[in-house]
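Student: Let me begin by handing over the structure; questions about it come next.
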Amino acid sequence: MPREIAIRGETIRLGQLLKLAGVIDSGSAAKELLATGAVTVNGERETRRGRQLRPGDLVRAAGLELRVIAAPPAQPG
């Protein structure tokens, strides 16, 4: 079962998602990981860290499955 990563807004860049999920520590690490061809988005190999992801997208990287979901709306305080 994929780990769900909630995002605010409509999109997130692939490199940002990998960092948010703790797969990588920096943009340069994302670049290196993507260069190996070990990252897929919705079953297709992806090499662009700037790839825009939306809720519903499935990312596989470093042995993990990550599903992008929309964060629930903020509750008024």
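Going by the structure tokens order, chains are called A, B, ..., each with residues numbered from 1, while ligands are numbered from 1 in the order shown.
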Find the residues around region 29-41 of chain A up to 6 Å (only C-alpha atoms counted), leave out those fewer than 3 positions away in its own chain, and share them as a JSON list (two decimals) with C-alpha atoms, in the first residue's frame.

Tutor:
```json
[["chain", "number", "residue", "atom", "x", "y", "z"],
["A", 15, "GLY", "CA", 11.97, 16.95, -6.31],
["A", 24, "ILE", "CA", 16.32, 12.63, -0.45],
["A", 26, "SER", "CA", 18.60, 18.03, -1.27],
["A", 44, "GLU", "CA", 6.63, 5.68, -16.42],
["A", 45, "ARG", "CA", 10.30, 6.44, -15.80],
["A", 46, "GLU", "CA", 10.85, 10.09, -14.89],
["A", 47, "THR", "CA", 14.11, 12.05, -14.98],
["A", 58, "LEU", "CA", 1.82, 7.47, -7.83],
["A", 59, "VAL", "CA", 5.59, 7.83, -7.45],
["A", 60, "ARG", "CA", 7.96, 4.89, -6.94],
["A", 61, "ALA", "CA", 11.48, 5.70, -5.73]]
```

Student: Which one of A:Glu65, A:Ala70, A:Gly27, A:Leu14 sits closest to Gln52 (chain A) if you count only C-alpha atoms?

Tutor: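 Among A:Glu65, A:Ala70, A:Gly27, A:Leu14, it is A:Leu14 that comes nearest to Gln52 (chain A).
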
Student: Among the residues of chain A, find those DSSP assigns to strand (DSSP E or B) from the backbone and print them as a PyMOL selection string.

Tutor: chain A and resi 3-7+12-13+40-41+44-45+52-53+58-61+64-70

Student: Kindly save the residues from that selection, with C-alpha atoms included, as a compact mmCIF listing (two decimals), in the first residue's frame.

Tutor:
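Just written: part.txt:
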```txt
# COMPACT_ATOMS: atom_id res chain seq x y z
CA ARG A 3 2.36 5.96 1.62
CA GLU A 4 0.15 9.01 1.20
CA ILE A 5 1.82 12.41 0.93
CA ALA A 6 -0.61 15.31 1.37
CA ILE A 7 0.04 18.53 -0.53
CA ILE A 12 4.03 19.83 -6.26
CA ARG A 13 7.32 19.31 -8.08
CA THR A 40 8.69 6.30 -11.91
CA VAL A 41 5.55 8.44 -11.98
CA GLU A 44 6.63 5.68 -16.42
CA ARG A 45 10.30 6.44 -15.80
CA GLN A 52 4.50 18.66 -11.74
CA LEU A 53 2.57 16.12 -9.69
CA LEU A 58 1.82 7.47 -7.83
CA VAL A 59 5.59 7.83 -7.45
CA ARG A 60 7.96 4.89 -6.94
CA ALA A 61 11.48 5.70 -5.73
CA LEU A 64 8.92 3.29 -1.72
CA GLU A 65 5.51 3.92 -3.21
CA LEU A 66 4.19 7.43 -2.64
CA ARG A 67 0.65 8.53 -3.51
CA VAL A 68 0.03 12.28 -3.83
CA ILE A 69 -3.18 13.36 -2.09
CA ALA A 70 -4.80 16.73 -1.47
```

Student: Rounded to one decimal place, report the CA of Asn42 (chain A)-CA of Gly56 (chain A) distance in Å.

Tutor: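 Distance reported for this atom pair: 9.1 Å.
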
Student: For CA of Arg54 (chain A) and CA of Arg8 (chain A), quote the distance in Å rounded to one decimal.

Tutor: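 Result for CA of Arg54 (chain A) versus CA of Arg8 (chain A): 10.3 Å, one decimal.
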
Student: Report, in Å to a single decimal, how far apart CA of Val23 (chain A) and CA of Arg48 (chain A) are.

Tutor: 15.7 Å
